[in-house]
Amino acid sequence: MTERTAPSAPRTPAPHDRTVLLRGGEVHSPADPFATAMVVERGHVAWVGSEGAADAFADGVDEVLDLEGALVTPAFTDAHVHTTSTGLALTGLDLSAARSLPEALELVRAHAASRPAGEVLLGGGWDASRWPEQRHPSRAELDAAAGGRPLYLPRIDVHSAVVSTALLDLVPGVTGLTGHHPEAPLTGAAHHAVRAAAHAAVTPAQRTAAQRAALAHAASLGIGSVHECAGPEISSEDDLLGLLDLAAAEPGPRVFGYWAEAVTDAKDAQRVRELGAIGAAGDLFVDGSLGSHTACLHEPYADAPHTGTAHLDAAAVAAHVAACTEAGLQAGFHAIGDAALTAVVDGVRAAAQQVGLARVRAARHRVEHVEMLTPGALAGFAELGLTASVQPAFDAAWGGSEGMYAQRLGAERARTLNPYAAMLKVGIPLALGSDSPVTPLDPWGTVRAAAHHRTPEHRVSVRAAFTAHTRGGWRAVGRDDAGTLVPGAPADYAIWATGDLVVQAPDDRVARWSTDPRSGTPGLPDLSPGAALPVCLRTVVAGHPVYVRPNA
């Protein structure tokens, strides 16, 4: 790792020095629900208001942008991203669209034929639960498809992987590691070892190209900030340092970095800061995933005779949270199963008894995924002030009576997953994200998935989901002054081509009057299932345009 001075704060772009008036559109602002214009000055929102009042600013600005009826909203924040892996999926072998096992193997063959000899082949995105064969590729099938070359293919949840024999040969002793299975996907230590070997083959130039591609794609979708969830079992120090340097050097979304390594004292906390991370959080694994049968459960899986894998217990959680709180550092964990989430709540509560509940709440510690909450854990999250970083696209992909969740847990337990309405009702702060490349960067689709949850009682209003995907992401990093278009807020916004705006709620009785302007609530696009999603025309970060749609 290259030595360098630790930053005093997360890398953010310098504010743009041009003053811009946007007018003739719809500005989504709680300061004025009927706003049609906005002034941006020195990288911040300076004013929002009506078209008539905009005339007073027209002569004193550097640029006037006619919105031509377009919608202006705060830029989205994706609260859980793996940037390099996202870029590699965008530029490399992506099996997420494969409709069968033979189709996936054919994609591997074509990719292998297109890459230089000697290069380790990287891909991912496969999900055998969606294939008619209902099974993963065998090692022999992968060896044949890859032509005997090293090949690493993580499952879509990235908690297990199938690999070729040639890649295993690059990791001495892998067969003796926990999680090695001769014919089943690798999990645990064996998976981490082969992933490290595969990622070590990525050159710095390849890594930078992947990161640049991922950030450019995010900007094209109206995403102004991403939370990079890095860590020693996921990526590398050089990967995080390179991403933060790239984000500081080139126009694009802001990057808030997290480093998922346990902290036990002030020295550990300082090391996290030296990496440029704002917290020892993200994918610090308490358990694994449901798809890979590694999420930790109180009762066995419906389709496997065990309860998954526990990586941290309540005592380890307590030690990490107490040390981070003492150091003024945000802590956090990856936890999906009900037993894992119980361990998190028990551990954070123990830390609060040690360092004080008020200090724990003020630190805004966070938990990723938070899928299988018991009533006790739900109450514990609210009591302890834990932020839930959640991914509604998981429910869209795997929820429902016939989905993967029901296969793994049975229909009754599956219906309890991702209870967003209950979480909001008890006051748990939500920050929405994608876990890309597990599910794609897709902010409006994410809002729609939360509002149209496959389990109706877990649905939230479009307005609540939109807030969690904009302002919620900023609050999750400790900023209450951003993610909304009001005077003084950072000028991070996106401009959209969309249809008519409505004020939406999951209650049909409200929907009947939701287009009435007397509601005094800023409108949002119609996100009904099947409706066309808004198209991003421009994304701006700190007043700088970071994406402009061609021919817009």
# chains A, B, ... in the order shown; residues from 1 in each chain; ligands from 1

call {"tool": "residues_around", "arguments": {"residues": "region 408-423 of chain A", "least_positions_apart": "5", "cutoff": "6 Å", "atoms": "only C-alpha atoms", "output": "ChimeraX atom specification"}}
result
/A:301-303,371-372,401,428,458-460

call {"tool": "residues_around", "arguments": {"residues": "Arg23 (chain A)", "least_positions_apart": "2", "cutoff": "8 Å", "atoms": "only C-alpha atoms", "output": "PyMOL selection string"}}
result
chain A and resi 21+25+36-38+51+54+64-67

call {"tool": "write_last_selection", "arguments": {"atoms": "N, CA and C atoms", "output": "PDB file, in the first residue's frame"}}
result
ATOM      1  N   LEU A  21     -29.057  29.741 -13.311  1.00  0.00           N
ATOM      2  CA  LEU A  21     -30.497  29.789 -13.088  1.00  0.00           C
ATOM      3  C   LEU A  21     -31.151  28.701 -13.920  1.00  0.00           C
ATOM      4  N   GLY A  25     -39.350  24.514 -15.392  1.00  0.00           N
ATOM      5  CA  GLY A  25     -39.551  23.082 -15.161  1.00  0.00           C
ATOM      6  C   GLY A  25     -40.324  22.827 -13.887  1.00  0.00           C
ATOM      7  N   THR A  36     -40.715  26.164  -9.766  1.00  0.00           N
ATOM      8  CA  THR A  36     -40.416  25.885 -11.174  1.00  0.00           C
ATOM      9  C   THR A  36     -39.019  26.357 -11.555  1.00  0.00           C
ATOM     10  N   ALA A  37     -38.293  26.955 -10.599  1.00  0.00           N
ATOM     11  CA  ALA A  37     -36.976  27.519 -10.909  1.00  0.00           C
ATOM     12  C   ALA A  37     -36.055  27.364  -9.707  1.00  0.00           C
ATOM     13  N   MET A  38     -34.759  27.430  -9.978  1.00  0.00           N
ATOM     14  CA  MET A  38     -33.753  27.268  -8.930  1.00  0.00           C
ATOM     15  C   MET A  38     -32.483  28.002  -9.341  1.00  0.00           C
ATOM     16  N   GLU A  51     -41.676  30.851 -11.367  1.00  0.00           N
ATOM     17  CA  GLU A  51     -41.179  31.350 -12.650  1.00  0.00           C
ATOM     18  C   GLU A  51     -41.166  32.878 -12.672  1.00  0.00           C
ATOM     19  N   ALA A  54     -38.264  34.254 -10.872  1.00  0.00           N
ATOM     20  CA  ALA A  54     -36.979  33.952 -11.512  1.00  0.00           C
ATOM     21  C   ALA A  54     -36.489  35.098 -12.384  1.00  0.00           C
ATOM     22  N   VAL A  64     -28.296  30.652 -17.936  1.00  0.00           N
ATOM     23  CA  VAL A  64     -29.713  30.341 -17.745  1.00  0.00           C
ATOM     24  C   VAL A  64     -30.002  29.044 -18.480  1.00  0.00           C
ATOM     25  N   LEU A  65     -30.528  28.062 -17.763  1.00  0.00           N
ATOM     26  CA  LEU A  65     -30.838  26.763 -18.355  1.00  0.00           C
ATOM     27  C   LEU A  65     -32.346  26.607 -18.414  1.00  0.00           C
ATOM     28  N   ASP A  66     -32.885  26.560 -19.641  1.00  0.00           N
ATOM     29  CA  ASP A  66     -34.321  26.348 -19.828  1.00  0.00           C
ATOM     30  C   ASP A  66     -34.617  24.860 -19.677  1.00  0.00           C
ATOM     31  N   LEU A  67     -35.379  24.513 -18.658  1.00  0.00           N
ATOM     32  CA  LEU A  67     -35.670  23.109 -18.368  1.00  0.00           C
ATOM     33  C   LEU A  67     -36.680  22.503 -19.331  1.00  0.00           C
TER      34      LEU A  67
END

call {"tool": "residues_around", "arguments": {"residues": "Val45 (chain A)", "least_positions_apart": "6", "cutoff": "6 Å", "atoms": "only C-alpha atoms", "output": "tab-separated table (two decimals) with N, CA and C atoms, in the first residue's frame"}}
result
chain	number	residue	atom	x	y	z
A	487	PRO	N	-32.37	26.12	-0.01
A	487	PRO	CA	-31.24	27.05	0.06
A	487	PRO	C	-30.21	26.62	1.10
A	488	GLY	N	-28.95	26.62	0.66
A	488	GLY	CA	-27.85	26.22	1.51
A	488	GLY	C	-27.39	24.79	1.31
A	489	ALA	N	-28.21	23.96	0.71
A	489	ALA	CA	-27.84	22.57	0.50
A	489	ALA	C	-26.85	22.43	-0.66
A	491	ALA	N	-25.43	21.58	-4.15
A	491	ALA	CA	-26.13	21.52	-5.45
A	491	ALA	C	-25.82	20.21	-6.14

call {"tool": "closest_residue", "arguments": {"among": "A:Ala314, A:Leu386, A:Met404, A:Ala230", "to": "Val81 (chain A)", "atoms": "only C-alpha atoms"}}
result
A:Ala230

call {"tool": "residues_around", "arguments": {"residues": "region 165-179 of chain A", "least_positions_apart": "3", "cutoff": "10 Å", "atoms": "only C-alpha atoms", "output": "VMD selection string"}}
result
chain A and resid 120 to 121 139 to 140 142 to 143 146 to 152 160 162 182 184 to 198

call {"tool": "select_by_dssp", "arguments": {"residues": "region 234-402 of chain A", "states": "helix (DSSP H, G or I)", "output": "PyMOL selection string"}}
result
chain A and resi 237-249+266-274+314-327+338-355+357-363+375-384+392-398

call {"tool": "residues_around", "arguments": {"residues": "Pro74 (chain A)", "least_positions_apart": "6", "cutoff": "6 Å", "atoms": "only C-alpha atoms", "output": "VMD selection string"}}
result
chain A and resid 483 to 484 493

call {"tool": "closest_residue", "arguments": {"among": "A:Asn551, A:Ser138, A:Gln354, A:Thr86", "to": "Ala216 (chain A)", "atoms": "only C-alpha atoms"}}
result
A:Thr86

call {"tool": "closest_residue", "arguments": {"among": "A:Ser235, A:Thr387, A:Ser289, A:Thr77", "to": "Pro253 (chain A)", "atoms": "only C-alpha atoms"}}
result
A:Thr77

call {"tool": "atom_distance", "arguments": {"atom1": "CA of Phe34 (chain A)", "atom2": "CA of Arg463 (chain A)"}}
result
16.0 Å

call {"tool": "residues_around", "arguments": {"residues": "region 324-334 of chain A", "least_positions_apart": "5", "cutoff": "8 Å", "atoms": "only C-alpha atoms", "output": "JSON, numbers by chain"}}
result
{"A": [260, 263, 264, 265, 266, 269, 278, 279, 280, 281, 282, 283, 284, 285, 286, 287, 288, 344, 355, 359, 360, 363, 364, 365, 366, 367, 368, 369, 370]}

call {"tool": "write_last_selection", "arguments": {"atoms": "C-alpha atoms", "output": "compact mmCIF listing (two decimals), in the first residue's frame"}}
result
# COMPACT_ATOMS: atom_id res chain seq x y z
CA ALA A 260 -15.08 -3.42 6.81
CA VAL A 263 -11.65 -2.16 15.28
CA THR A 264 -10.42 -2.93 18.80
CA ASP A 265 -8.55 0.25 19.76
CA ALA A 266 -7.63 3.79 18.70
CA ALA A 269 -9.49 3.39 14.13
CA ILE A 278 -15.43 7.44 6.98
CA GLY A 279 -16.30 4.35 8.98
CA ALA A 280 -15.37 0.79 9.91
CA ALA A 281 -18.62 -0.43 8.45
CA GLY A 282 -20.20 -1.89 5.34
CA ASP A 283 -19.61 -5.58 4.75
CA LEU A 284 -18.11 -6.54 8.09
CA PHE A 285 -19.73 -9.94 7.96
CA VAL A 286 -21.88 -11.18 10.82
CA ASP A 287 -23.27 -13.81 8.43
CA GLY A 288 -23.55 -14.53 4.69
CA VAL A 344 -26.03 -7.29 16.20
CA VAL A 355 -19.99 3.69 26.55
CA ARG A 359 -23.07 8.24 22.36
CA VAL A 360 -24.03 5.09 20.46
CA ALA A 363 -22.62 7.80 16.13
CA ARG A 364 -25.30 6.58 13.67
CA HIS A 365 -23.87 3.10 13.41
CA ARG A 366 -25.32 1.23 10.44
CA VAL A 367 -26.24 -2.28 9.34
CA GLU A 368 -26.33 -3.50 5.75
CA HIS A 369 -29.27 -5.49 4.29
CA VAL A 370 -31.31 -6.03 7.51

call {"tool": "closest_residue", "arguments": {"among": "A:Val426, A:Ala58, A:Leu373, A:Val548", "to": "Gly385 (chain A)", "atoms": "only C-alpha atoms"}}
result
A:Val426

call {"tool": "atom_distance", "arguments": {"atom1": "CA of Leu537 (chain A)", "atom2": "CA of Asp442 (chain A)"}}
result
15.0 Å

call {"tool": "select_by_dssp", "arguments": {"residues": "region 29-120 of chain A", "states": "strand (DSSP E or B)", "output": "ChimeraX atom specification"}}
result
/A:37-41,44-49,63-66,71-74,76-81,93-94

call {"tool": "write_last_selection", "arguments": {"atoms": "C-alpha atoms", "output": "PDB file, in the first residue's frame"}}
result
ATOM      1  CA  ALA A  37     -36.976  27.519 -10.909  1.00  0.00           C
ATOM      2  CA  MET A  38     -33.753  27.268  -8.930  1.00  0.00           C
ATOM      3  CA  VAL A  39     -30.530  29.267  -8.609  1.00  0.00           C
ATOM      4  CA  VAL A  40     -27.219  27.490  -7.984  1.00  0.00           C
ATOM      5  CA  GLU A  41     -24.257  29.522  -6.734  1.00  0.00           C
ATOM      6  CA  HIS A  44     -24.939  25.206  -3.425  1.00  0.00           C
ATOM      7  CA  VAL A  45     -28.616  25.850  -3.886  1.00  0.00           C
ATOM      8  CA  ALA A  46     -29.112  29.603  -3.455  1.00  0.00           C
ATOM      9  CA  TRP A  47     -32.849  29.947  -4.143  1.00  0.00           C
ATOM     10  CA  VAL A  48     -35.926  28.009  -5.280  1.00  0.00           C
ATOM     11  CA  GLY A  49     -39.198  29.577  -6.317  1.00  0.00           C
ATOM     12  CA  GLU A  63     -25.976  30.827 -17.299  1.00  0.00           C
ATOM     13  CA  VAL A  64     -29.713  30.341 -17.745  1.00  0.00           C
ATOM     14  CA  LEU A  65     -30.838  26.763 -18.355  1.00  0.00           C
ATOM     15  CA  ASP A  66     -34.321  26.348 -19.828  1.00  0.00           C
ATOM     16  CA  LEU A  71     -38.189  17.611 -13.468  1.00  0.00           C
ATOM     17  CA  VAL A  72     -35.327  18.571 -11.134  1.00  0.00           C
ATOM     18  CA  THR A  73     -34.743  16.405  -8.051  1.00  0.00           C
ATOM     19  CA  PRO A  74     -31.935  15.875  -5.584  1.00  0.00           C
ATOM     20  CA  PHE A  76     -29.752   9.915  -5.687  1.00  0.00           C
ATOM     21  CA  THR A  77     -27.349   8.362  -3.195  1.00  0.00           C
ATOM     22  CA  ASP A  78     -26.708   4.634  -3.564  1.00  0.00           C
ATOM     23  CA  ALA A  79     -25.869   3.535  -0.031  1.00  0.00           C
ATOM     24  CA  HIS A  80     -24.180   0.210  -0.872  1.00  0.00           C
ATOM     25  CA  VAL A  81     -21.952  -0.238  -3.919  1.00  0.00           C
ATOM     26  CA  LEU A  93     -18.531 -11.256 -18.289  1.00  0.00           C
ATOM     27  CA  ASP A  94     -21.994 -10.705 -16.813  1.00  0.00           C
TER      28      ASP A  94
END

call {"tool": "atom_distance", "arguments": {"atom1": "CA of Pro443 (chain A)", "atom2": "CA of Ala532 (chain A)"}}
result
13.4 Å

call {"tool": "closest_residue", "arguments": {"among": "A:Ser225, A:Thr498, A:Thr91, A:Ser129", "to": "Thr208 (chain A)", "atoms": "only C-alpha atoms"}}
result
A:Thr91

call {"tool": "decode", "arguments": {"residues": "region 206-229 of chain A", "atoms": "N, CA and C atoms", "output": "CSV table (one decimal), in the first residue's frame"}}
result
chain,number,residue,atom,x,y,z
A,206,GLN,N,-6.6,-1.9,-15.4
A,206,GLN,CA,-7.9,-2.5,-15.6
A,206,GLN,C,-8.9,-2.1,-14.4
A,207,ARG,N,-8.3,-2.0,-13.2
A,207,ARG,CA,-9.1,-1.6,-12.1
A,207,ARG,C,-9.6,-0.1,-12.3
A,208,THR,N,-8.7,0.7,-12.7
A,208,THR,CA,-9.1,2.1,-12.9
A,208,THR,C,-10.2,2.2,-13.9
A,209,ALA,N,-10.0,1.5,-15.0
A,209,ALA,CA,-11.0,1.5,-16.1
A,209,ALA,C,-12.3,1.0,-15.6
A,210,ALA,N,-12.3,0.0,-14.8
A,210,ALA,CA,-13.6,-0.5,-14.3
A,210,ALA,C,-14.3,0.5,-13.3
A,211,GLN,N,-13.5,1.1,-12.5
A,211,GLN,CA,-14.0,2.1,-11.6
A,211,GLN,C,-14.6,3.3,-12.3
A,212,ARG,N,-13.9,3.8,-13.4
A,212,ARG,CA,-14.3,4.9,-14.2
A,212,ARG,C,-15.6,4.5,-14.8
A,213,ALA,N,-15.7,3.3,-15.4
A,213,ALA,CA,-17.0,2.9,-16.1
A,213,ALA,C,-18.1,2.9,-15.1
A,214,ALA,N,-17.9,2.4,-13.9
A,214,ALA,CA,-19.0,2.3,-12.9
A,214,ALA,C,-19.5,3.7,-12.5
A,215,LEU,N,-18.6,4.6,-12.2
A,215,LEU,CA,-19.0,5.9,-11.8
A,215,LEU,C,-19.7,6.7,-12.9
A,216,ALA,N,-19.2,6.5,-14.1
A,216,ALA,CA,-19.9,7.1,-15.3
A,216,ALA,C,-21.3,6.6,-15.4
A,217,HIS,N,-21.4,5.3,-15.2
A,217,HIS,CA,-22.8,4.7,-15.4
A,217,HIS,C,-23.7,5.2,-14.2
A,218,ALA,N,-23.2,5.3,-13.0
A,218,ALA,CA,-24.0,5.8,-11.9
A,218,ALA,C,-24.4,7.3,-12.2
A,219,ALA,N,-23.5,8.1,-12.7
A,219,ALA,CA,-23.9,9.5,-13.0
A,219,ALA,C,-24.9,9.5,-14.1
A,220,SER,N,-24.9,8.6,-15.1
A,220,SER,CA,-25.9,8.6,-16.1
A,220,SER,C,-27.3,8.2,-15.6
A,221,LEU,N,-27.4,7.7,-14.4
A,221,LEU,CA,-28.7,7.3,-13.8
A,221,LEU,C,-29.1,8.3,-12.8
A,222,GLY,N,-28.5,9.5,-12.7
A,222,GLY,CA,-28.9,10.5,-11.7
A,222,GLY,C,-28.4,10.2,-10.3
A,223,ILE,N,-27.3,9.4,-10.2
A,223,ILE,CA,-26.7,9.1,-8.9
A,223,ILE,C,-25.6,10.1,-8.7
A,224,GLY,N,-25.7,10.8,-7.6
A,224,GLY,CA,-24.7,11.8,-7.3
A,224,GLY,C,-23.7,11.4,-6.2
A,225,SER,N,-24.0,10.4,-5.5
A,225,SER,CA,-23.1,9.9,-4.4
A,225,SER,C,-23.2,8.3,-4.3
A,226,VAL,N,-22.1,7.7,-4.0
A,226,VAL,CA,-22.2,6.3,-3.7
A,226,VAL,C,-21.4,6.0,-2.4
A,227,HIS,N,-21.9,5.0,-1.7
A,227,HIS,CA,-21.2,4.5,-0.5
A,227,HIS,C,-20.4,3.3,-0.9
A,228,GLU,N,-19.1,3.4,-1.0
A,228,GLU,CA,-18.3,2.2,-1.4
A,228,GLU,C,-18.1,1.3,-0.2
A,229,CYS,N,-18.5,0.1,-0.3
A,229,CYS,CA,-18.4,-0.9,0.8
A,229,CYS,C,-17.2,-1.8,0.6
